[in-house]
$ cat run.cif   # mmCIF, C-alpha atoms
data_entry
#
loop_
_atom_site.group_PDB
_atom_site.id
_atom_site.type_symbol
_atom_site.label_atom_id
_atom_site.label_comp_id
_atom_site.auth_asym_id
_atom_site.auth_seq_id
_atom_site.Cartn_x
_atom_site.Cartn_y
_atom_site.Cartn_z
ATOM 1 C CA MET A 1 77.537 27.203 -22.300
ATOM 2 C CA TYR A 2 77.438 28.009 -18.617
ATOM 3 C CA GLU A 3 77.088 31.662 -19.367
ATOM 4 C CA ILE A 4 74.038 31.083 -21.499
ATOM 5 C CA ILE A 5 72.362 28.976 -18.798
ATOM 6 C CA ILE A 6 73.127 31.532 -16.129
ATOM 7 C CA PHE A 7 71.965 34.311 -18.379
ATOM 8 C CA SER A 8 68.704 32.578 -19.224
ATOM 9 C CA HIS A 9 68.201 31.678 -15.550
ATOM 10 C CA ASN A 10 68.649 35.292 -14.558
ATOM 11 C CA ASN A 11 66.350 36.409 -17.315
ATOM 12 C CA SER A 12 63.515 34.073 -16.286
ATOM 13 C CA GLY A 13 63.964 35.066 -12.656
ATOM 14 C CA GLU A 14 63.595 38.696 -13.577
ATOM 15 C CA GLU A 15 60.478 37.923 -15.564
ATOM 16 C CA ILE A 16 58.912 36.096 -12.626
ATOM 17 C CA MET A 17 59.717 39.090 -10.435
ATOM 18 C CA ARG A 18 58.146 41.369 -12.984
ATOM 19 C CA ASN A 19 55.013 39.208 -13.194
ATOM 20 C CA THR A 20 54.538 39.108 -9.427
ATOM 21 C CA LYS A 21 55.031 42.877 -9.259
ATOM 22 C CA TYR A 22 52.524 43.329 -12.057
ATOM 23 C CA GLU A 23 49.979 41.098 -10.309
ATOM 24 C CA LYS A 24 50.390 43.031 -7.086
ATOM 25 C CA ILE A 25 49.799 46.323 -8.877
ATOM 26 C CA ALA A 26 46.803 44.881 -10.746
ATOM 27 C CA ASP A 27 45.286 43.547 -7.495
ATOM 28 C CA PHE A 28 45.799 46.914 -5.845
ATOM 29 C CA HIS A 29 43.830 48.647 -8.560
ATOM 30 C CA LYS A 30 41.120 45.954 -8.645
ATOM 31 C CA VAL A 31 40.362 46.353 -4.938
ATOM 32 C CA LYS A 32 40.101 50.098 -5.381
ATOM 33 C CA GLU A 33 37.141 49.777 -7.767
ATOM 34 C CA THR A 34 34.390 49.118 -5.282
ATOM 35 C CA ARG A 35 31.247 47.201 -6.102
ATOM 36 C CA GLY A 36 29.129 49.271 -3.768
ATOM 37 C CA LYS A 37 29.808 52.428 -5.730
ATOM 38 C CA ASN A 38 28.761 50.730 -9.010
ATOM 39 C CA ALA A 39 25.550 49.484 -7.410
ATOM 40 C CA LEU A 40 24.714 52.931 -6.018
ATOM 41 C CA ILE A 41 25.308 54.615 -9.394
ATOM 42 C CA ALA A 42 23.141 51.996 -11.129
ATOM 43 C CA PHE A 43 20.369 52.504 -8.563
ATOM 44 C CA LEU A 44 20.394 56.297 -8.881
ATOM 45 C CA SER A 45 20.604 56.443 -12.687
ATOM 46 C CA GLY A 46 17.971 53.734 -13.164
ATOM 47 C CA GLY A 47 15.745 55.520 -10.687
ATOM 48 C CA VAL A 48 16.113 58.836 -12.512
ATOM 49 C CA ILE A 49 15.170 57.148 -15.823
ATOM 50 C CA GLY A 50 12.054 55.646 -14.194
ATOM 51 C CA LEU A 51 11.168 59.019 -12.634
ATOM 52 C CA CYS A 52 11.499 60.801 -16.003
ATOM 53 C CA GLY A 53 9.269 58.139 -17.602
ATOM 54 C CA GLU A 54 6.512 58.773 -15.059
ATOM 55 C CA ILE A 55 6.906 62.565 -15.508
ATOM 56 C CA ILE A 56 6.594 62.213 -19.304
ATOM 57 C CA ILE A 57 3.448 60.071 -18.902
ATOM 58 C CA GLU A 58 1.790 62.630 -16.607
ATOM 59 C CA LEU A 59 2.734 65.556 -18.853
ATOM 60 C CA LEU A 60 1.289 63.800 -21.916
ATOM 61 C CA CYS A 61 -1.871 62.903 -20.000
ATOM 62 C CA ASN A 62 -2.397 66.485 -18.834
ATOM 63 C CA TYR A 63 -1.466 68.458 -21.952
ATOM 64 C CA PHE A 64 -2.715 66.215 -24.775
ATOM 65 C CA HIS A 65 -5.636 64.634 -22.884
ATOM 66 C CA ILE A 66 -4.887 61.065 -23.926
ATOM 67 C CA SER A 67 -5.422 57.916 -21.881
ATOM 68 C CA ARG A 68 -2.721 56.541 -19.633
ATOM 69 C CA ASN A 69 -2.097 53.480 -21.836
ATOM 70 C CA ASP A 70 -1.498 55.630 -24.918
ATOM 71 C CA ALA A 71 0.779 57.931 -22.942
ATOM 72 C CA THR A 72 2.843 54.896 -21.814
ATOM 73 C CA THR A 73 3.262 53.822 -25.450
ATOM 74 C CA PHE A 74 4.378 57.332 -26.454
ATOM 75 C CA MET A 75 6.836 57.428 -23.557
ATOM 76 C CA ILE A 76 8.425 54.135 -24.660
ATOM 77 C CA VAL A 77 8.721 55.431 -28.248
ATOM 78 C CA ILE A 78 10.370 58.646 -26.961
ATOM 79 C CA TYR A 79 12.909 56.641 -24.936
ATOM 80 C CA ILE A 80 13.693 54.353 -27.881
ATOM 81 C CA PHE A 81 14.158 57.382 -30.155
ATOM 82 C CA LEU A 82 16.514 59.090 -27.678
ATOM 83 C CA ALA A 83 18.564 55.925 -27.102
ATOM 84 C CA SER A 84 18.924 55.264 -30.851
ATOM 85 C CA LEU A 85 19.938 58.877 -31.503
ATOM 86 C CA LEU A 86 22.522 58.896 -28.692
ATOM 87 C CA THR A 87 23.951 55.583 -29.939
ATOM 88 C CA ALA A 88 24.231 56.949 -33.490
ATOM 89 C CA LEU A 89 25.966 60.067 -32.196
ATOM 90 C CA GLY A 90 28.397 57.934 -30.168
ATOM 91 C CA CYS A 91 27.443 59.278 -26.728
ATOM 92 C CA PHE A 92 25.712 56.140 -25.455
ATOM 93 C CA ASP A 93 28.907 54.103 -24.985
ATOM 94 C CA LYS A 94 30.391 56.808 -22.766
ATOM 95 C CA LEU A 95 27.179 56.982 -20.734
ATOM 96 C CA ALA A 96 27.114 53.163 -20.458
ATOM 97 C CA ASN A 97 30.692 53.191 -19.145
ATOM 98 C CA ILE A 98 29.653 55.527 -16.348
ATOM 99 C CA PHE A 99 26.174 54.277 -15.427
ATOM 100 C CA LYS A 100 26.556 50.592 -16.513
ATOM 101 C CA CYS A 101 23.364 48.636 -15.722
ATOM 102 C CA GLY A 102 21.449 51.792 -14.822
ATOM 103 C CA ILE A 103 21.121 52.581 -18.508
ATOM 104 C CA LEU A 104 21.379 49.091 -20.065
ATOM 105 C CA ILE A 105 18.496 47.407 -18.215
ATOM 106 C CA PRO A 106 15.773 49.972 -19.088
ATOM 107 C CA ILE A 107 14.255 49.898 -22.592
ATOM 108 C CA THR A 108 17.104 52.213 -23.711
ATOM 109 C CA GLY A 109 19.507 49.252 -23.592
ATOM 110 C CA PHE A 110 17.295 47.303 -26.004
ATOM 111 C CA ALA A 111 17.280 50.154 -28.544
ATOM 112 C CA HIS A 112 21.028 50.667 -28.049
ATOM 113 C CA SER A 113 21.839 47.025 -28.807
ATOM 114 C CA MET A 114 19.865 47.149 -32.070
ATOM 115 C CA THR A 115 21.285 50.455 -33.301
ATOM 116 C CA SER A 116 24.873 49.620 -32.385
ATOM 117 C CA ALA A 117 24.657 46.233 -34.149
ATOM 118 C CA ALA A 118 23.211 47.915 -37.252
ATOM 119 C CA LEU A 119 25.941 50.579 -37.235
ATOM 120 C CA ASP A 120 28.785 48.113 -36.626
ATOM 121 C CA TYR A 121 27.876 45.894 -39.580
ATOM 122 C CA LYS A 122 26.906 48.746 -41.911
ATOM 123 C CA LYS A 123 30.050 48.303 -44.029
ATOM 124 C CA GLU A 124 28.969 44.781 -45.084
ATOM 125 C CA GLY A 125 26.080 46.200 -47.091
ATOM 126 C CA PRO A 126 22.376 46.842 -46.565
ATOM 127 C CA ILE A 127 21.202 43.190 -46.763
ATOM 128 C CA TYR A 128 23.963 41.080 -45.196
ATOM 129 C CA GLY A 129 25.176 43.906 -42.981
ATOM 130 C CA ILE A 130 22.304 45.909 -41.531
ATOM 131 C CA GLY A 131 19.476 43.525 -42.366
ATOM 132 C CA SER A 132 20.859 40.290 -41.014
ATOM 133 C CA ASN A 133 22.797 41.664 -38.050
ATOM 134 C CA MET A 134 20.318 44.133 -36.547
ATOM 135 C CA PHE A 135 18.893 41.535 -34.141
ATOM 136 C CA LYS A 136 22.284 40.048 -33.312
ATOM 137 C CA LEU A 137 22.142 41.197 -29.655
ATOM 138 C CA ALA A 138 18.437 42.027 -29.229
ATOM 139 C CA GLY A 139 17.322 38.714 -30.770
ATOM 140 C CA SER A 140 18.062 36.754 -27.596
ATOM 141 C CA VAL A 141 15.747 39.043 -25.611
ATOM 142 C CA ILE A 142 12.890 38.566 -28.082
ATOM 143 C CA ILE A 143 13.400 34.800 -28.463
ATOM 144 C CA TYR A 144 13.600 34.025 -24.750
ATOM 145 C CA GLY A 145 10.746 36.440 -24.059
ATOM 146 C CA VAL A 146 8.460 34.781 -26.618
ATOM 147 C CA VAL A 147 9.363 31.220 -25.597
ATOM 148 C CA SER A 148 8.902 31.895 -21.881
ATOM 149 C CA ALA A 149 5.695 33.895 -22.474
ATOM 150 C CA TRP A 150 4.277 31.051 -24.575
ATOM 151 C CA PHE A 151 5.230 28.475 -21.935
ATOM 152 C CA PHE A 152 3.868 30.432 -18.972
ATOM 153 C CA GLY A 153 0.819 31.506 -20.997
ATOM 154 C CA MET A 154 -0.051 27.877 -21.800
ATOM 155 C CA ILE A 155 0.270 26.946 -18.125
ATOM 156 C CA ARG A 156 -1.900 29.890 -17.079
ATOM 157 C CA TYR A 157 -4.487 29.175 -19.767
ATOM 158 C CA LEU A 158 -4.732 25.457 -19.016
ATOM 159 C CA ILE A 159 -4.891 25.930 -15.230
ATOM 160 C CA GLY A 160 -6.687 29.233 -14.793
ATOM 161 C CA GLY A 161 -8.546 29.571 -18.108
ATOM 162 C CA GLY A 162 -7.127 32.918 -19.268
ATOM 163 C CA SER A 163 -6.880 36.122 -17.310
ATOM 164 C CA MET B 1 3.571 59.036 -4.779
ATOM 165 C CA LEU B 2 3.717 57.360 -8.199
ATOM 166 C CA LEU B 3 6.838 59.411 -8.985
ATOM 167 C CA PHE B 4 8.646 58.217 -5.875
ATOM 168 C CA ASN B 5 7.554 54.611 -6.448
ATOM 169 C CA SER B 6 8.787 54.640 -10.043
ATOM 170 C CA PHE B 7 12.147 55.982 -8.875
ATOM 171 C CA LEU B 8 12.434 53.203 -6.280
ATOM 172 C CA PHE B 9 11.245 50.329 -8.490
ATOM 173 C CA CYS B 10 13.281 51.214 -11.591
ATOM 174 C CA GLY B 11 16.335 51.853 -9.420
ATOM 175 C CA PHE B 12 15.857 48.559 -7.610
ATOM 176 C CA VAL B 13 15.748 46.547 -10.861
ATOM 177 C CA CYS B 14 18.927 48.268 -12.096
ATOM 178 C CA LEU B 15 20.607 47.693 -8.731
ATOM 179 C CA LEU B 16 19.765 43.985 -8.905
ATOM 180 C CA ALA B 17 21.191 43.753 -12.427
ATOM 181 C CA GLN B 18 24.381 45.582 -11.406
ATOM 182 C CA LEU B 19 24.882 43.250 -8.432
ATOM 183 C CA ILE B 20 24.485 40.181 -10.684
ATOM 184 C CA LEU B 21 26.885 41.713 -13.242
ATOM 185 C CA ASP B 22 29.571 42.468 -10.659
ATOM 186 C CA ASN B 23 29.392 39.212 -8.712
ATOM 187 C CA SER B 24 29.183 36.690 -11.561
ATOM 188 C CA LYS B 25 30.578 36.115 -15.026
ATOM 189 C CA LEU B 26 27.281 36.888 -16.815
ATOM 190 C CA THR B 27 27.280 39.585 -19.507
ATOM 191 C CA PRO B 28 24.555 42.264 -19.909
ATOM 192 C CA GLY B 29 23.087 40.076 -22.695
ATOM 193 C CA HIS B 30 22.535 37.196 -20.250
ATOM 194 C CA ILE B 31 21.037 39.507 -17.651
ATOM 195 C CA THR B 32 18.512 41.146 -19.985
ATOM 196 C CA SER B 33 17.358 37.709 -21.192
ATOM 197 C CA ILE B 34 16.995 36.496 -17.588
ATOM 198 C CA PHE B 35 15.039 39.629 -16.653
ATOM 199 C CA VAL B 36 12.609 39.187 -19.559
ATOM 200 C CA VAL B 37 11.903 35.627 -18.394
ATOM 201 C CA ILE B 38 11.409 36.911 -14.826
ATOM 202 C CA GLY B 39 8.931 39.534 -16.094
ATOM 203 C CA ALA B 40 6.943 36.882 -17.984
ATOM 204 C CA PHE B 41 6.957 34.646 -14.914
ATOM 205 C CA LEU B 42 5.721 37.438 -12.627
ATOM 206 C CA ASP B 43 2.803 38.181 -14.955
ATOM 207 C CA THR B 44 1.754 34.506 -14.997
ATOM 208 C CA PHE B 45 0.087 35.019 -11.598
ATOM 209 C CA SER B 46 -0.812 38.711 -12.215
ATOM 210 C CA ILE B 47 1.892 39.934 -9.812
ATOM 211 C CA TYR B 48 3.273 42.367 -12.392
ATOM 212 C CA ASP B 49 -0.177 43.929 -12.901
ATOM 213 C CA ILE B 50 -0.281 44.754 -9.186
ATOM 214 C CA ILE B 51 3.219 46.270 -9.433
ATOM 215 C CA ILE B 52 2.143 48.448 -12.406
ATOM 216 C CA GLU B 53 -0.916 49.649 -10.482
ATOM 217 C CA LYS B 54 1.229 50.784 -7.573
ATOM 218 C CA VAL B 55 4.331 51.980 -9.437
ATOM 219 C CA GLY B 56 2.917 53.460 -12.639
ATOM 220 C CA GLY B 57 5.254 54.332 -15.502
ATOM 221 C CA GLY B 58 8.394 53.257 -13.677
ATOM 222 C CA ALA B 59 7.363 49.611 -14.024
ATOM 223 C CA MET B 60 7.003 49.876 -17.816
ATOM 224 C CA ILE B 61 10.602 51.055 -18.377
ATOM 225 C CA PRO B 62 12.822 48.144 -17.236
ATOM 226 C CA ILE B 63 13.192 45.253 -19.676
ATOM 227 C CA THR B 64 11.025 43.079 -17.368
ATOM 228 C CA SER B 65 7.961 44.905 -18.743
ATOM 229 C CA PHE B 66 8.793 43.415 -22.163
ATOM 230 C CA GLY B 67 8.083 39.890 -20.893
ATOM 231 C CA HIS B 68 5.001 41.181 -19.094
ATOM 232 C CA SER B 69 3.587 42.786 -22.278
ATOM 233 C CA LEU B 70 4.222 39.619 -24.326
ATOM 234 C CA ILE B 71 2.272 37.323 -21.995
ATOM 235 C CA HIS B 72 -0.365 39.946 -21.188
ATOM 236 C CA GLY B 73 -1.318 40.427 -24.857
ATOM 237 C CA ALA B 74 -1.292 36.658 -25.419
ATOM 238 C CA LEU B 75 -3.653 36.000 -22.501
ATOM 239 C CA GLN B 76 -5.961 38.858 -23.485
ATOM 240 C CA ARG B 77 -6.373 37.393 -26.979
ATOM 241 C CA ALA B 78 -6.666 33.864 -25.562
ATOM 242 C CA ASN B 79 -9.649 35.004 -23.525
ATOM 243 C CA SER B 80 -11.671 35.772 -26.651
ATOM 244 C CA MET B 81 -10.170 33.380 -29.227
ATOM 245 C CA GLY B 82 -9.331 30.245 -27.286
ATOM 246 C CA ILE B 83 -5.950 28.527 -27.192
ATOM 247 C CA ILE B 84 -4.850 29.806 -30.630
ATOM 248 C CA GLY B 85 -5.100 33.326 -29.188
ATOM 249 C CA ILE B 86 -1.821 32.779 -27.339
ATOM 250 C CA LEU B 87 -0.035 32.674 -30.694
ATOM 251 C CA MET B 88 -2.112 35.466 -32.246
ATOM 252 C CA GLY B 89 -1.820 38.009 -29.455
ATOM 253 C CA MET B 90 1.838 37.524 -28.480
ATOM 254 C CA PHE B 91 3.070 40.777 -30.055
ATOM 255 C CA ASP B 92 -0.110 42.822 -29.524
ATOM 256 C CA LEU B 93 1.293 45.160 -26.867
ATOM 257 C CA THR B 94 5.024 45.065 -27.673
ATOM 258 C CA ALA B 95 4.609 45.707 -31.404
ATOM 259 C CA THR B 96 5.040 49.461 -30.865
ATOM 260 C CA GLY B 97 8.380 49.124 -29.116
ATOM 261 C CA ILE B 98 9.856 46.570 -31.507
ATOM 262 C CA THR B 99 8.665 48.395 -34.642
ATOM 263 C CA ALA B 100 9.892 51.762 -33.359
ATOM 264 C CA ALA B 101 13.286 50.274 -32.470
ATOM 265 C CA ILE B 102 13.648 48.659 -35.920
ATOM 266 C CA ILE B 103 12.654 51.827 -37.814
ATOM 267 C CA PHE B 104 14.776 54.237 -35.767
ATOM 268 C CA SER B 105 17.862 52.020 -35.793
ATOM 269 C CA PHE B 106 17.522 51.451 -39.560
ATOM 270 C CA ILE B 107 17.188 55.170 -40.321
ATOM 271 C CA PHE B 108 20.029 56.174 -37.990
ATOM 272 C CA SER B 109 22.316 53.428 -39.303
ATOM 273 C CA LEU B 110 21.757 54.762 -42.832
ATOM 274 C CA PHE B 111 22.600 58.385 -41.979
ATOM 275 C CA PHE B 112 25.314 58.051 -39.310
ATOM 276 C CA LYS B 113 28.759 56.504 -39.400
ATOM 277 C CA PRO B 114 30.071 54.236 -36.588
ATOM 278 C CA LYS B 115 32.247 56.283 -34.223
ATOM 279 C CA ASN B 116 34.565 53.573 -32.881
#
$ encode --input "run.cif" --output "structure tokens"
Amino acid sequence: MYEIIIFSHNNSGEEIMRNTKYEKIADFHKVKETRGKNALIAFLSGGVIGLCGEIIIELLCNYFHISRNDATTFMIVIYIFLASLLTALGCFDKLANIFKCGILIPITGFAHSMTSAALDYKKEGPIYGIGSNMFKLAGSVIIYGVVSAWFFGMIRYLIGGGS
Amino acid sequence: MLLFNSFLFCGFVCLLAQLILDNSKLTPGHITSIFVVIGAFLDTFSIYDIIIEKVGGGAMIPITSFGHSLIHGALQRANSMGIIGILMGMFDLTATGITAAIIFSFIFSLFFKPKN
């Protein structure tokens, strides 16, 4: 009887020791991952994506002689195509682990969320899998965008009388 | 100059998002939704139009431009059609992006297998 109590007491004591040791090690590694580094990487990668977008627009304007608005549309389609292709090939998740918000906040993140949702639920069939789950993540963006645009648009129209 | 401005603006938006992600419990889904609402709000008083004039293509790439395009198309149509134009013109400018995303993700999901 005594032995069991002593044994269990020892056991729990060891476990507490182990937990505190584990927490110390976990804290040590948490501090190491700095927030400044993440922010800098996000700034640089997001900036490079914006820079490439402007370069694509100017190239299209100069070589195909189309207006700036059309070139912007083409640029967005190119980015969406690239993001969908990289997601389908499986590269986008690795890139997102490195660059984080730098690649998720541009329009590439929107295309990635749609393609990854469609791929993940592919095994449930074309209707209940791909069809009903494609907007699982991107739907919130569209819904809140439309609701807020309607709300602000009504305010602007009633106060200022359109643009 | 437009190139440098697009680098700075697009980087700044991503930096802001990363800071929110690191210092709060919000997920990327929350942040993109918040940024769309911010973009729509900025275009209410034509601030985003001024940003696009000065920044160029870099301002059209972050998700904030999605909210801007929604309200911009709605107001354009409202100018000619009256108050019903807000409902008619909502997807005028963003239709390209949404349609392209749907078509590409559908085609790729048919031909590729999930990796993870």
$ resolve_selection --input "run.cif" --expression "the PyMOL selection byres ((chain B) within 6 of (chain A))" --output "PDB file with C-alpha atoms, in the frame of the given file"
ATOM      1  CA  LEU B   3       6.838  59.411  -8.985  1.00  0.00           C
ATOM      2  CA  SER B   6       8.787  54.640 -10.043  1.00  0.00           C
ATOM      3  CA  PHE B   7      12.147  55.982  -8.875  1.00  0.00           C
ATOM      4  CA  LEU B   8      12.434  53.203  -6.280  1.00  0.00           C
ATOM      5  CA  CYS B  10      13.281  51.214 -11.591  1.00  0.00           C
ATOM      6  CA  GLY B  11      16.335  51.853  -9.420  1.00  0.00           C
ATOM      7  CA  CYS B  14      18.927  48.268 -12.096  1.00  0.00           C
ATOM      8  CA  LEU B  15      20.607  47.693  -8.731  1.00  0.00           C
ATOM      9  CA  GLN B  18      24.381  45.582 -11.406  1.00  0.00           C
ATOM     10  CA  SER B  33      17.358  37.709 -21.192  1.00  0.00           C
ATOM     11  CA  VAL B  36      12.609  39.187 -19.559  1.00  0.00           C
ATOM     12  CA  VAL B  37      11.903  35.627 -18.394  1.00  0.00           C
ATOM     13  CA  ALA B  40       6.943  36.882 -17.984  1.00  0.00           C
ATOM     14  CA  GLY B  57       5.254  54.332 -15.502  1.00  0.00           C
ATOM     15  CA  GLY B  58       8.394  53.257 -13.677  1.00  0.00           C
ATOM     16  CA  ILE B  61      10.602  51.055 -18.377  1.00  0.00           C
ATOM     17  CA  PRO B  62      12.822  48.144 -17.236  1.00  0.00           C
ATOM     18  CA  ILE B  63      13.192  45.253 -19.676  1.00  0.00           C
ATOM     19  CA  GLY B  67       8.083  39.890 -20.893  1.00  0.00           C
ATOM     20  CA  ILE B  71       2.272  37.323 -21.995  1.00  0.00           C
ATOM     21  CA  LEU B  75      -3.653  36.000 -22.501  1.00  0.00           C
ATOM     22  CA  ASN B  79      -9.649  35.004 -23.525  1.00  0.00           C
ATOM     23  CA  ALA B 101      13.286  50.274 -32.470  1.00  0.00           C
ATOM     24  CA  SER B 105      17.862  52.020 -35.793  1.00  0.00           C
ATOM     25  CA  SER B 109      22.316  53.428 -39.303  1.00  0.00           C
ATOM     26  CA  PRO B 114      30.071  54.236 -36.588  1.00  0.00           C
ATOM     27  CA  LYS B 115      32.247  56.283 -34.223  1.00  0.00           C
TER      28      LYS B 115
END
$ atom_distance --input "run.cif" --atom1 "atom CA of B:Gly56" --atom2 "atom CA of B:Leu87"
27.7 Å
$ atom_distance --input "run.cif" --atom1 "atom CA of B:His68" --atom2 "atom CA of A:Ala96"
25.2 Å
$ axis_aligned_box --input "run.cif" --around "stretch 96-102 of chain B" --padding-each-side "3 Å" --output "JSON"
{"center_x": 9.3, "center_y": 49.2, "center_z": -32.5, "size_x": 14.6, "size_y": 11.2, "size_z": 12.8}
$ atom_distance --input "run.cif" --atom1 "atom CA of B:Ile38" --atom2 "atom CA of B:Thr64"
6.7 Å
$ residues_around --input "run.cif" --residues "B:Ile51" --least-positions-apart "6" --cutoff "10 Å" --atoms "all atoms listed in the file" --output "PyMOL selection string"
chain B and resi 5+9+42-43+58-60
$ residues_near_point --input "run.cif" --point "(-1.0, 42.8, -31.6)" --cutoff "12 Å" --atoms "only C-alpha atoms" --output "list in words"
Ser69, Leu70, Ile71, His72, Gly73, Ala74, Leu75, Gln76, Arg77, Gly85, Ile86, Leu87, Met88, Gly89, Met90, Phe91, Asp92, Leu93, Thr94, Ala95, Thr96, Gly97, Ile98 and Thr99 of chain B
$ build_atoms --input "run.cif" --residues "stretch 42-49 of chain A" --atoms "all heavy atoms" --output "PDB file, in the frame of the given file"
ATOM      1  N   ALA A  42      24.181  52.651 -10.330  1.00  0.00           N
ATOM      2  CA  ALA A  42      23.141  51.996 -11.129  1.00  0.00           C
ATOM      3  C   ALA A  42      21.760  52.279 -10.553  1.00  0.00           C
ATOM      4  O   ALA A  42      20.808  52.556 -11.291  1.00  0.00           O
ATOM      5  CB  ALA A  42      23.391  50.491 -11.192  1.00  0.00           C
ATOM      6  N   PHE A  43      21.663  52.242  -9.215  1.00  0.00           N
ATOM      7  CA  PHE A  43      20.369  52.504  -8.563  1.00  0.00           C
ATOM      8  C   PHE A  43      19.891  53.917  -8.858  1.00  0.00           C
ATOM      9  O   PHE A  43      18.739  54.121  -9.263  1.00  0.00           O
ATOM     10  CB  PHE A  43      20.509  52.293  -7.054  1.00  0.00           C
ATOM     11  CG  PHE A  43      19.263  52.613  -6.277  1.00  0.00           C
ATOM     12  CD1 PHE A  43      18.171  51.772  -6.325  1.00  0.00           C
ATOM     13  CD2 PHE A  43      19.197  53.747  -5.492  1.00  0.00           C
ATOM     14  CE1 PHE A  43      17.025  52.059  -5.612  1.00  0.00           C
ATOM     15  CE2 PHE A  43      18.053  54.047  -4.780  1.00  0.00           C
ATOM     16  CZ  PHE A  43      16.963  53.196  -4.846  1.00  0.00           C
ATOM     17  N   LEU A  44      20.795  54.902  -8.703  1.00  0.00           N
ATOM     18  CA  LEU A  44      20.394  56.297  -8.881  1.00  0.00           C
ATOM     19  C   LEU A  44      20.027  56.590 -10.337  1.00  0.00           C
ATOM     20  O   LEU A  44      18.996  57.209 -10.620  1.00  0.00           O
ATOM     21  CB  LEU A  44      21.511  57.233  -8.423  1.00  0.00           C
ATOM     22  CG  LEU A  44      21.710  57.300  -6.906  1.00  0.00           C
ATOM     23  CD1 LEU A  44      22.876  58.209  -6.576  1.00  0.00           C
ATOM     24  CD2 LEU A  44      20.448  57.787  -6.220  1.00  0.00           C
ATOM     25  N   SER A  45      20.876  56.116 -11.284  1.00  0.00           N
ATOM     26  CA  SER A  45      20.604  56.443 -12.687  1.00  0.00           C
ATOM     27  C   SER A  45      19.358  55.721 -13.188  1.00  0.00           C
ATOM     28  O   SER A  45      18.538  56.314 -13.905  1.00  0.00           O
ATOM     29  CB  SER A  45      21.818  56.104 -13.554  1.00  0.00           C
ATOM     30  OG  SER A  45      22.183  54.766 -13.358  1.00  0.00           O
ATOM     31  N   GLY A  46      19.191  54.450 -12.780  1.00  0.00           N
ATOM     32  CA  GLY A  46      17.971  53.734 -13.164  1.00  0.00           C
ATOM     33  C   GLY A  46      16.744  54.392 -12.574  1.00  0.00           C
ATOM     34  O   GLY A  46      15.707  54.513 -13.240  1.00  0.00           O
ATOM     35  N   GLY A  47      16.863  54.845 -11.325  1.00  0.00           N
ATOM     36  CA  GLY A  47      15.745  55.520 -10.687  1.00  0.00           C
ATOM     37  C   GLY A  47      15.375  56.803 -11.393  1.00  0.00           C
ATOM     38  O   GLY A  47      14.192  57.101 -11.579  1.00  0.00           O
ATOM     39  N   VAL A  48      16.400  57.569 -11.810  1.00  0.00           N
ATOM     40  CA  VAL A  48      16.113  58.836 -12.512  1.00  0.00           C
ATOM     41  C   VAL A  48      15.411  58.558 -13.840  1.00  0.00           C
ATOM     42  O   VAL A  48      14.481  59.281 -14.222  1.00  0.00           O
ATOM     43  CB  VAL A  48      17.419  59.637 -12.722  1.00  0.00           C
ATOM     44  CG1 VAL A  48      17.193  60.772 -13.696  1.00  0.00           C
ATOM     45  CG2 VAL A  48      17.906  60.181 -11.405  1.00  0.00           C
ATOM     46  N   ILE A  49      15.830  57.478 -14.548  1.00  0.00           N
ATOM     47  CA  ILE A  49      15.170  57.148 -15.823  1.00  0.00           C
ATOM     48  C   ILE A  49      13.705  56.781 -15.573  1.00  0.00           C
ATOM     49  O   ILE A  49      12.802  57.218 -16.297  1.00  0.00           O
ATOM     50  CB  ILE A  49      15.935  56.014 -16.539  1.00  0.00           C
ATOM     51  CG1 ILE A  49      17.252  56.547 -17.078  1.00  0.00           C
ATOM     52  CG2 ILE A  49      15.107  55.433 -17.665  1.00  0.00           C
ATOM     53  CD1 ILE A  49      18.098  55.537 -17.759  1.00  0.00           C
TER      54      ILE A  49
END
